[in-house]
>>> print(open('protein36.pdb').read())   # PDB, C-alpha atoms
ATOM      1  CA  MET A 425     -16.662 132.881  44.480
ATOM      2  CA  GLU A 426     -18.207 132.207  41.088
ATOM      3  CA  GLU A 427     -21.079 129.745  40.916
ATOM      4  CA  LEU A 428     -20.174 126.380  39.420
ATOM      5  CA  THR A 429     -22.260 125.665  36.331
ATOM      6  CA  PHE A 430     -23.415 122.209  35.333
ATOM      7  CA  PHE A 431     -21.120 122.354  32.293
ATOM      8  CA  GLN A 432     -18.086 123.132  34.488
ATOM      9  CA  PHE A 433     -19.057 120.431  36.990
ATOM     10  CA  ASN A 434     -19.599 117.841  34.269
ATOM     11  CA  GLN A 435     -16.360 118.713  32.497
ATOM     12  CA  GLU A 436     -14.290 118.526  35.682
ATOM     13  CA  ALA A 437     -15.972 115.316  36.904
ATOM     14  CA  CYS A 438     -15.285 113.640  33.543
ATOM     15  CA  ARG A 439     -11.686 114.863  33.549
ATOM     16  CA  MET A 440     -11.085 113.516  37.064
ATOM     17  CA  HIS A 441     -12.697 110.166  36.209
ATOM     18  CA  LYS A 442     -10.483 109.817  33.122
ATOM     19  CA  GLU A 443      -7.410 110.825  35.109
ATOM     20  CA  GLU A 444      -8.134 108.229  37.798
ATOM     21  CA  ASP A 445      -8.802 105.568  35.160
ATOM     22  CA  GLY A 446      -5.556 106.532  33.424
ATOM     23  CA  LEU A 447      -3.628 106.224  36.678
ATOM     24  CA  TYR A 448      -4.756 102.616  37.180
ATOM     25  CA  ARG A 449      -4.080 101.808  33.524
ATOM     26  CA  ARG A 450      -0.523 103.163  33.955
ATOM     27  CA  LEU A 451      -0.072 101.132  37.132
ATOM     28  CA  ALA A 452      -1.184  97.925  35.399
ATOM     29  CA  ARG A 453       1.229  98.614  32.518
ATOM     30  CA  GLN A 454       4.018  99.399  34.997
ATOM     31  CA  PHE A 455       3.565  95.883  36.353
ATOM     32  CA  GLY A 456       3.349  94.354  32.859
ATOM     33  CA  LEU A 457      -0.296  93.374  33.314
ATOM     34  CA  PRO A 458      -3.352  93.908  31.149
ATOM     35  CA  ASP A 459      -5.998  95.997  32.929
ATOM     36  CA  SER A 460      -8.352  93.034  33.306
ATOM     37  CA  ALA A 461      -5.683  90.842  34.921
ATOM     38  CA  PHE A 462      -4.629  93.654  37.266
ATOM     39  CA  TRP A 463      -8.215  94.171  38.431
ATOM     40  CA  VAL A 464      -8.802  90.454  39.012
ATOM     41  CA  LEU A 465      -5.648  90.302  41.142
ATOM     42  CA  TYR A 466      -6.785  93.465  42.933
ATOM     43  CA  ALA A 467     -10.162  91.934  43.799
ATOM     44  CA  LEU A 468      -8.598  88.676  44.995
ATOM     45  CA  GLU A 469      -6.023  90.472  47.151
ATOM     46  CA  ALA A 470      -8.527  92.956  48.558
ATOM     47  CA  SER A 471     -11.016  90.212  49.450
ATOM     48  CA  GLY A 472      -8.374  88.146  51.233
ATOM     49  CA  LYS A 473     -10.154  84.892  50.412
ATOM     50  CA  PRO A 474     -11.200  82.838  47.399
ATOM     51  CA  VAL A 475     -14.165  84.395  45.580
ATOM     52  CA  THR A 476     -16.396  83.478  42.657
ATOM     53  CA  GLN A 477     -16.180  85.142  39.262
ATOM     54  CA  ALA A 478     -19.565  86.752  39.921
ATOM     55  CA  GLU A 479     -18.232  88.228  43.171
ATOM     56  CA  VAL A 480     -15.211  89.643  41.324
ATOM     57  CA  CYS A 481     -17.518  91.172  38.689
ATOM     58  CA  ASN A 482     -19.701  92.683  41.399
ATOM     59  CA  TYR A 483     -16.759  94.006  43.440
ATOM     60  CA  LEU A 484     -15.154  95.657  40.420
ATOM     61  CA  SER A 485     -18.340  96.643  38.566
ATOM     62  CA  LEU A 486     -16.875  95.041  35.449
ATOM     63  CA  SER A 487     -18.535  92.809  32.887
ATOM     64  CA  LYS A 488     -18.210  89.037  33.066
ATOM     65  CA  GLN A 489     -16.407  89.123  29.708
ATOM     66  CA  THR A 490     -13.762  91.583  30.961
ATOM     67  CA  VAL A 491     -13.185  89.634  34.162
ATOM     68  CA  ASN A 492     -13.087  86.330  32.270
ATOM     69  CA  SER A 493     -10.370  87.701  29.981
ATOM     70  CA  GLY A 494      -8.166  88.495  32.973
ATOM     71  CA  LEU A 495      -8.986  85.187  34.667
ATOM     72  CA  LYS A 496      -8.021  83.074  31.682
ATOM     73  CA  GLN A 497      -4.643  84.760  31.336
ATOM     74  CA  LEU A 498      -3.868  84.557  35.046
ATOM     75  CA  GLU A 499      -4.933  80.921  35.185
ATOM     76  CA  GLN A 500      -2.797  80.006  32.152
ATOM     77  CA  GLU A 501       0.213  81.715  33.719
ATOM     78  CA  GLY A 502      -0.286  79.862  37.013
ATOM     79  CA  TYR A 503      -1.263  82.844  39.171
ATOM     80  CA  ILE A 504      -4.770  81.713  40.078
ATOM     81  CA  GLN A 505      -6.523  78.402  40.464
ATOM     82  CA  LEU A 506     -10.150  77.401  40.352
ATOM     83  CA  THR A 507     -11.555  75.179  43.073
ATOM     84  CA  ASN A 508     -15.000  73.623  43.273
ATOM     85  CA  GLY A 509     -17.349  74.933  45.895
ATOM     86  CA  PRO A 510     -20.901  73.973  46.817
ATOM     87  CA  GLY A 511     -23.159  73.308  43.854
ATOM     88  CA  ARG A 512     -21.713  74.497  40.573
ATOM     89  CA  ARG A 513     -19.747  77.333  42.125
ATOM     90  CA  LYS A 514     -16.079  77.662  41.302
ATOM     91  CA  TYR A 515     -13.859  79.746  43.531
ATOM     92  CA  LEU A 516     -10.841  81.702  42.373
ATOM     93  CA  GLY A 517      -7.818  81.707  44.595
ATOM     94  CA  LEU A 518      -4.233  82.869  44.317
ATOM     95  CA  THR A 519      -1.512  80.271  43.888
ATOM     96  CA  ASP A 520       1.813  80.779  45.675
ATOM     97  CA  GLN A 521       3.087  82.340  42.452
ATOM     98  CA  GLY A 522      -0.020  84.568  42.375
ATOM     99  CA  LYS A 523       0.582  85.662  45.971
ATOM    100  CA  GLN A 524       4.127  86.662  45.040
ATOM    101  CA  LEU A 525       2.769  88.630  42.074
ATOM    102  CA  THR A 526       0.212  90.499  44.197
ATOM    103  CA  THR A 527       2.940  91.325  46.719
ATOM    104  CA  ARG A 528       4.863  93.092  43.912
ATOM    105  CA  THR A 529       1.846  94.688  42.236
ATOM    106  CA  VAL A 530      -1.468  95.023  44.044
ATOM    107  CA  ARG A 531      -0.238  95.461  47.616
ATOM    108  CA  PRO A 532       1.780  98.604  46.771
ATOM    109  CA  VAL A 533      -1.306 100.029  45.025
ATOM    110  CA  LEU A 534      -3.509  99.275  48.035
ATOM    111  CA  ALA A 535      -0.887 100.945  50.257
ATOM    112  CA  VAL A 536      -0.940 104.072  48.060
ATOM    113  CA  GLU A 537      -4.745 104.120  48.183
ATOM    114  CA  GLU A 538      -4.664 103.803  51.964
ATOM    115  CA  ARG A 539      -2.157 106.676  52.264
ATOM    116  CA  ALA A 540      -4.451 108.846  50.138
ATOM    117  CA  PHE A 541      -7.419 107.809  52.305
ATOM    118  CA  LEU A 542      -5.490 108.662  55.480
ATOM    119  CA  GLY A 543      -4.643 112.056  53.964
ATOM    120  CA  LEU A 544      -8.321 112.933  54.337
ATOM    121  CA  ALA A 545      -9.666 113.963  57.717
ATOM    122  CA  GLU A 546     -12.249 111.589  59.215
ATOM    123  CA  GLU A 547     -15.105 113.973  58.427
ATOM    124  CA  GLU A 548     -13.809 114.414  54.844
ATOM    125  CA  ARG A 549     -13.870 110.631  54.314
ATOM    126  CA  ALA A 550     -17.458 110.415  55.484
ATOM    127  CA  SER A 551     -18.460 113.526  53.520
ATOM    128  CA  LEU A 552     -16.887 112.239  50.320
ATOM    129  CA  LEU A 553     -18.852 109.008  50.501
ATOM    130  CA  ALA A 554     -22.048 110.741  51.582
ATOM    131  CA  LEU A 555     -21.866 113.234  48.707
ATOM    132  CA  GLU A 556     -21.096 110.486  46.166
ATOM    133  CA  ARG A 557     -24.034 108.462  47.523
ATOM    134  CA  LYS A 558     -26.364 111.484  47.400
ATOM    135  CA  TYR A 559     -25.331 112.420  43.857
ATOM    136  CA  LEU A 560     -25.841 108.838  42.661
ATOM    137  CA  SER A 561     -29.254 108.681  44.323
ATOM    138  CA  LEU A 562     -30.309 111.954  42.671
ATOM    139  CA  LEU A 563     -28.966 110.760  39.327
ATOM    140  CA  LEU A 564     -30.840 107.451  39.562
ATOM    141  CA  ARG A 565     -34.061 109.182  40.535
ATOM    142  CA  ALA A 566     -33.774 111.767  37.756
ATOM    143  CA  SER A 567     -33.012 109.115  35.143
ATOM    144  CA  GLU A 568     -36.120 107.047  35.954
ATOM    145  CA  GLN A 569     -38.136 109.028  33.418
ATOM    146  CA  ILE A 570     -35.791 107.885  30.640
ATOM    147  CA  PHE A 571     -36.511 104.261  31.502
ATOM    148  CA  GLN A 572     -40.294 104.705  31.630
ATOM    149  CA  PRO A 573     -42.099 103.541  28.493
ATOM    150  CA  PRO A 574     -43.641 106.457  26.600
ATOM    151  CA  GLN A 575     -47.303 107.090  27.372
ATOM    152  CA  GLU A 576     -49.561 106.726  24.356
ATOM    153  CA  GLU A 577     -51.952 109.599  23.871
TER
END
>>> encode(input="protein36.pdb", output="structure tokens")
Amino acid sequence: MEELTFFQFNQEACRMHKEEDGLYRRLARQFGLPDSAFWVLYALEASGKPVTQAEVCNYLSLSKQTVNSGLKQLEQEGYIQLTNGPGRRKYLGLTDQGKQLTTRTVRPVLAVEERAFLGLAEEERASLLALERKYLSLLLRASEQIFQPPQEE
């Protein structure tokens, strides 16, 4: 078997990332939703309880601006509602109309994801996460030098 070069690895990893991103973009379009609205609904359905905007941003690793765009549209269309929590916190929750929408959109996507997950053997699931975690750790460690201020001579 031929050794995998960094170039080949990088090219294939980028291609797979774009393909996965494209799949979710197609799914959102299939349901007539902008990406940002789809992902907000996804986070709310997956969490199973009202969450803050910051929690949605953290869960999805998306910017506040992107999440806010989806929130505003969903709120205007009556799919989500904001409720006051302790302090200045506002919680996002699905309305009855929003629950019906997630039943038609997000739940089938979560079911597809679960079927794919179950298609992996138990040790493959653990290995996939462990390898992703290890690669990220190595990447973070190697990139530290870029973030260090240059040493003056």
>>> closest_atom_pairs(input="protein36.pdb", of="region 486-554 of chain A", to="region 451-470 of chain A", cutoff="7 Å", atoms="only C-alpha atoms", output="Markdown table")
| residue | atom | partner | partner_atom | distance |
| --- | --- | --- | --- | --- |
| A:Thr490 | CA | A:Ser460 | CA | 6.1 |
| A:Val491 | CA | A:Ser460 | CA | 6.0 |
| A:Ser493 | CA | A:Ser460 | CA | 6.6 |
| A:Gly494 | CA | A:Ala461 | CA | 3.9 |
| A:Leu495 | CA | A:Ala461 | CA | 6.6 |
| A:Leu498 | CA | A:Ala461 | CA | 6.5 |
| A:Thr526 | CA | A:Leu465 | CA | 6.6 |
| A:Thr529 | CA | A:Phe455 | CA | 6.2 |
| A:Val530 | CA | A:Tyr466 | CA | 5.7 |
>>> atom_distance(input="protein36.pdb", atom1="CA of Tyr503 (chain A)", atom2="CA of Leu518 (chain A)")
5.9 Å
>>> atom_distance(input="protein36.pdb", atom1="CA of Leu506 (chain A)", atom2="CA of Glu538 (chain A)")
29.4 Å
>>> atom_distance(input="protein36.pdb", atom1="CA of Gly522 (chain A)", atom2="CA of Ile504 (chain A)")
6.0 Å
>>> closest_residue(input="protein36.pdb", among="A:Gly446, A:Gly472, A:Gly511, A:Pro573", to="Lys523 (chain A)", atoms="only C-alpha atoms")
A:Gly472
>>> closest_residue(input="protein36.pdb", among="A:Lys488, A:Leu560, A:Val533, A:Pro474", to="Thr519 (chain A)", atoms="only C-alpha atoms")
A:Pro474
>>> axis_aligned_box(input="protein36.pdb", around="region 457-471 of chain A", padding_each_side="3 Å", output="lines of an AutoDock Vina configuration file")
center_x = -5.7
center_y = 92.3
center_z = 40.3
size_x = 16.7
size_y = 13.3
size_z = 24.3
>>> build_atoms(input="protein36.pdb", residues="region 472-483 of chain A", atoms="N, CA, C and O atoms", output="PDB file, in the frame of the given file")
ATOM      1  N   GLY A 472      -9.108  88.949  50.258  1.00  0.00           N
ATOM      2  CA  GLY A 472      -8.374  88.146  51.233  1.00  0.00           C
ATOM      3  C   GLY A 472      -8.813  86.697  51.324  1.00  0.00           C
ATOM      4  O   GLY A 472      -8.391  85.972  52.216  1.00  0.00           O
ATOM      5  N   LYS A 473      -9.688  86.287  50.403  1.00  0.00           N
ATOM      6  CA  LYS A 473     -10.154  84.892  50.412  1.00  0.00           C
ATOM      7  C   LYS A 473     -10.589  84.525  49.000  1.00  0.00           C
ATOM      8  O   LYS A 473     -10.812  85.403  48.161  1.00  0.00           O
ATOM      9  N   PRO A 474     -10.693  83.227  48.714  1.00  0.00           N
ATOM     10  CA  PRO A 474     -11.200  82.838  47.399  1.00  0.00           C
ATOM     11  C   PRO A 474     -12.610  83.385  47.169  1.00  0.00           C
ATOM     12  O   PRO A 474     -13.427  83.448  48.101  1.00  0.00           O
ATOM     13  N   VAL A 475     -12.869  83.823  45.951  1.00  0.00           N
ATOM     14  CA  VAL A 475     -14.165  84.395  45.580  1.00  0.00           C
ATOM     15  C   VAL A 475     -14.603  83.813  44.247  1.00  0.00           C
ATOM     16  O   VAL A 475     -13.798  83.271  43.492  1.00  0.00           O
ATOM     17  N   THR A 476     -15.883  83.941  43.946  1.00  0.00           N
ATOM     18  CA  THR A 476     -16.396  83.478  42.657  1.00  0.00           C
ATOM     19  C   THR A 476     -16.179  84.567  41.609  1.00  0.00           C
ATOM     20  O   THR A 476     -15.938  85.731  41.935  1.00  0.00           O
ATOM     21  N   GLN A 477     -16.300  84.175  40.346  1.00  0.00           N
ATOM     22  CA  GLN A 477     -16.180  85.142  39.262  1.00  0.00           C
ATOM     23  C   GLN A 477     -17.272  86.206  39.383  1.00  0.00           C
ATOM     24  O   GLN A 477     -17.017  87.388  39.175  1.00  0.00           O
ATOM     25  N   ALA A 478     -18.468  85.799  39.754  1.00  0.00           N
ATOM     26  CA  ALA A 478     -19.565  86.752  39.921  1.00  0.00           C
ATOM     27  C   ALA A 478     -19.237  87.767  41.016  1.00  0.00           C
ATOM     28  O   ALA A 478     -19.542  88.956  40.885  1.00  0.00           O
ATOM     29  N   GLU A 479     -18.609  87.315  42.096  1.00  0.00           N
ATOM     30  CA  GLU A 479     -18.232  88.228  43.171  1.00  0.00           C
ATOM     31  C   GLU A 479     -17.169  89.222  42.710  1.00  0.00           C
ATOM     32  O   GLU A 479     -17.199  90.393  43.063  1.00  0.00           O
ATOM     33  N   VAL A 480     -16.234  88.752  41.882  1.00  0.00           N
ATOM     34  CA  VAL A 480     -15.211  89.643  41.324  1.00  0.00           C
ATOM     35  C   VAL A 480     -15.876  90.685  40.429  1.00  0.00           C
ATOM     36  O   VAL A 480     -15.581  91.876  40.531  1.00  0.00           O
ATOM     37  N   CYS A 481     -16.790  90.247  39.570  1.00  0.00           N
ATOM     38  CA  CYS A 481     -17.518  91.172  38.689  1.00  0.00           C
ATOM     39  C   CYS A 481     -18.259  92.219  39.508  1.00  0.00           C
ATOM     40  O   CYS A 481     -18.215  93.418  39.194  1.00  0.00           O
ATOM     41  N   ASN A 482     -18.936  91.779  40.547  1.00  0.00           N
ATOM     42  CA  ASN A 482     -19.701  92.683  41.399  1.00  0.00           C
ATOM     43  C   ASN A 482     -18.783  93.660  42.130  1.00  0.00           C
ATOM     44  O   ASN A 482     -19.050  94.853  42.178  1.00  0.00           O
ATOM     45  N   TYR A 483     -17.701  93.166  42.687  1.00  0.00           N
ATOM     46  CA  TYR A 483     -16.759  94.006  43.440  1.00  0.00           C
ATOM     47  C   TYR A 483     -16.168  95.095  42.558  1.00  0.00           C
ATOM     48  O   TYR A 483     -16.032  96.241  42.968  1.00  0.00           O
TER      49      TYR A 483
END
